[in-house]
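Heads up, the thing below is written out as structure tokens.
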Amino acid sequence: MDPILKTAQSWLTDFFDADVQAEVQKLIDTDTEELKDRFYKNMEFGTGGMRGMMGVGTNRINKYTLGKSTQGLSNYLKESYPDEAIQVVIAYDCRHNSDTLARTVAEVFSANGIKVHLFSELRTTPELSFAVRHLKCHAGIVLTASHNPPEYNGYKVYWTDGGQIVPPQDGAIIAEINALSFEDIKFDANEDLIELIDKEVDEAFITASVANGNFNASGKDDFKIVFTSLHGTSITAIPEVLKRAGYSNVTIIEEQAKPDGAFPTVVSPNPEEPEALSMAIAKAEEIGADMVVGTDPDSDRLGIAVRNLDGKMEIVNGNQAMVLMTKFLLEKQKEKGFKGNEFIATTIVSTPMMEAMAKEYGVEFKTALTGFKWIGKMIKDFPQSTFIGGGEESFGYMVGDFVRDKDAVTSTLLACEIATQAKANGSSFYKELINCYVDYGFYKEHLVSLTKKGISGAEEIKQMLIDFKEKPVATVAGSKVKWIEDYNTSIAKNVITGEERTMDIPKSNVLIYETEDGTRVAARPSGTEPKVKFYISTNTTLDTAENFKKVNAALDAKIATILSELQLS
């Protein structure tokens with residue numbers, strides 16, 4: 001028998017709900033291709049959790065695939081803490097079915113004798129991370145698919161430190177899950193072990209966000225902000241955080257303020273996509289606002305737009321926002337005095353400008369694989385060190401360590417503080433960014449993201465990365481490739497001298513070219529979407545701020561050349 005059909009037929013037993021059985025039978029009878037896509041593999045519990053399309057099947061997010069993951073996690077928690085009364089906290093976002101799936105997850109935990117703190121309504125991912133430690137829980141779960149399309153949902157797992165699971169926990173949990181069958185799931189809830197939470201944790205989180213992100217900037221009454229939650233969870237936190245920090249001129253885009261998993265006013269609820277902020281930017285132009293901030297559905301990423309040198313609203317990318325936020329935090333720490341144990345952090349595909357800045361301030365610079373769980377792991381692994389701040393190019397930033405994941409709530413406040421103080425000083429957010437280019441080098445980045453869906457798409461992505469490795473280019477925009485960093489092997493090779501060095505970082509499917517002039521091109525598959533991503537970083541010097549436009553145009557031209565050479569344009 002065809003193995004896919006056999007797997008599908010296993011869902012026709014009485015263990016599965018009647019409506020699920022009926023849908024599977026209909027797929028068997030009428031839609032071979034859809035059946036194949038839903039059952040050709042198991043929805044993978046990756047190193048941070050699960051994310052995928054919702055629906056019936058082993059390759060979909062549903063009560064059974066999430067139930068199985070929760071059962072495996074329950075088993076692992078009980079093995080890890082055999083003599084403790086285990087507690088978990090669960091949050092969920094605005095997506096379709098997030099509330100019911102969160103309830104299912106809570107019921108499975110409770111059926112395993114685990115105490116559950118379940119948020120009564122949708123809440124942000126950073127609040128979930130905060131709540132793990134605030135409530136002294138052993139683990140946390142958030143039901144979210146971040147900025148993915150409406151048909152997606154997901155399940156992210158956090159450990160006792162408030163950060164996402166990392167080695168060795170992730171591998172051990174995956175093994176526990178893979179050893180189970182669906183029939184091993186305990187669905188019979190113990191309602192006595194499920195407690196609804198909301199205001200007390202909200203208050204603690206908002207208070208901590210203001211404490212970490214407010215620097216008493218001057219001129220708040222004269223600073224106009226336009227904010228959009230893009231139908232997501234940040235509406236539960238950011239307006240109140242800004243209000244408590246003293247911002248009274250905040251215009252909320254009401255058409256996007258109501259949580260809605262269909263995301264009806266945007267093509268994609270991703271602040272990395274310029275279209276997502278278009279409604280807010282139009283409002284900012286209309287009312288003469290100074291800044292636009294928009295967040296993704298679970299409020300861990302933020303997009304920022306500010307007025308450029310010509311007075312027009314311009315979106316600041318994740319690298320630019322990260323650089324300016326880190327510079328501001330370092331300057332504030334410098335005023336208090338460095339103790340010598342501070343560090344900042346970013347990822348291997350983010351701007352090298354972060355390292356240049358760390359050298360200038362004399363603080364340690366740490367770099368990690370893509371994903372904030374690795375930055376969270378740094379904080380856990382180096383308890384004697386003080387984390388100032390850090391981020392990644394994909395519009396995520398973390399202020400201090402009271403939250404152990406990217407946090408658009410506190411970062412929004414920090415961005416407003418920087419811009420407000422700059423305006424009060426006769427400068428601007430944009431001008432302060434240009435000053436960073438003068439001080440540390442003008443680094444400019446560009447991202448190309450190619451979507452390849454389905455089984456054939458996965459194979460295409462795999463082949464593109466093989467070609468990128470096995471058919472390396474010799475030059476990029478006229479500069480010789482000097483280093484090829486292969487994170488699958490942890491080897492960086494100087495292709496000019498033959499020198500090799502080992503990279504002390506976990507293995508990952510990432511390959512980076514670095515040329516003699518410091519240009520970098522990285523390639524990696526997305527860990528959460530059917531995409532392959534190419535990251536380009538160029539740099540030069542900027543002698544004075546007055547030459548910004550000229551040098552910026554030259555870097556744009558260089559990036560265009562690289563895109564053409566690599567056939568990515």
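The chains in the structure tokens are called A, B, ... from first to last as shown; in each chain the residues are counted from 1, and the ligands are counted from 1 in the order shown.
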
Report task. May I have the residues within 10 Å of A:Thr475 as number ranges by chain, using only C-alpha atoms and disregarding those fewer than 5 positions away in the same chain? Result -> A: 480-482, 513-516, 562, 565

For stretch 237-342 of chain A versus stretch 149-158 of chain A, which residues have an atom no more than 12 Å away, and what is each residue's nearest atom pair and distance in Å rounded to one decimal, using only C-alpha atoms, chain-then-number order, as JSON lines?
```
{"residue": "A:Asp260", "atom": "CA", "partner": "A:Pro150", "partner_atom": "CA", "distance": 9.4}
{"residue": "A:Gly261", "atom": "CA", "partner": "A:Pro150", "partner_atom": "CA", "distance": 5.9}
{"residue": "A:Ala262", "atom": "CA", "partner": "A:Pro150", "partner_atom": "CA", "distance": 5.4}
{"residue": "A:Phe263", "atom": "CA", "partner": "A:Pro150", "partner_atom": "CA", "distance": 7.0}
{"residue": "A:Pro264", "atom": "CA", "partner": "A:Pro150", "partner_atom": "CA", "distance": 9.6}
{"residue": "A:Val266", "atom": "CA", "partner": "A:Pro149", "partner_atom": "CA", "distance": 10.3}
{"residue": "A:Val267", "atom": "CA", "partner": "A:Pro149", "partner_atom": "CA", "distance": 8.5}
{"residue": "A:Ser268", "atom": "CA", "partner": "A:Pro149", "partner_atom": "CA", "distance": 6.4}
{"residue": "A:Pro269", "atom": "CA", "partner": "A:Pro149", "partner_atom": "CA", "distance": 7.6}
{"residue": "A:Asn270", "atom": "CA", "partner": "A:Pro149", "partner_atom": "CA", "distance": 9.1}
{"residue": "A:Asp296", "atom": "CA", "partner": "A:Pro149", "partner_atom": "CA", "distance": 11.4}
{"residue": "A:Pro297", "atom": "CA", "partner": "A:Pro150", "partner_atom": "CA", "distance": 10.4}
{"residue": "A:Asp298", "atom": "CA", "partner": "A:Gly154", "partner_atom": "CA", "distance": 11.1}
```

**Report entry** Nearest-residue call for A:Asp14, choices A:Ala477, A:Ala282, A:Ile28, A:Phe182, using only C-alpha atoms
**Finding:**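 So, comparing all the options, the nearest one is A:Phe182.
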
Report task. Run DSSP on the backbone of this structure and report the residues of stretch 326-566 of chain A it assigns to helix (DSSP H, G or I), as a PyMOL selection string. Result -> chain A and resi 326-336+353-361+372-381+408-424+429-440+454-470+545-565

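Taking atom CA of A:Ile225 and atom CA of A:Leu324 as the two end points, the separation is 18.1 Å.
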
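Compared by their closest atoms to A:Gln25, and using only C-alpha atoms, the residues A:Glu44, A:Ser427, A:Phe468, A:Leu5 rank with A:Leu5 nearest.
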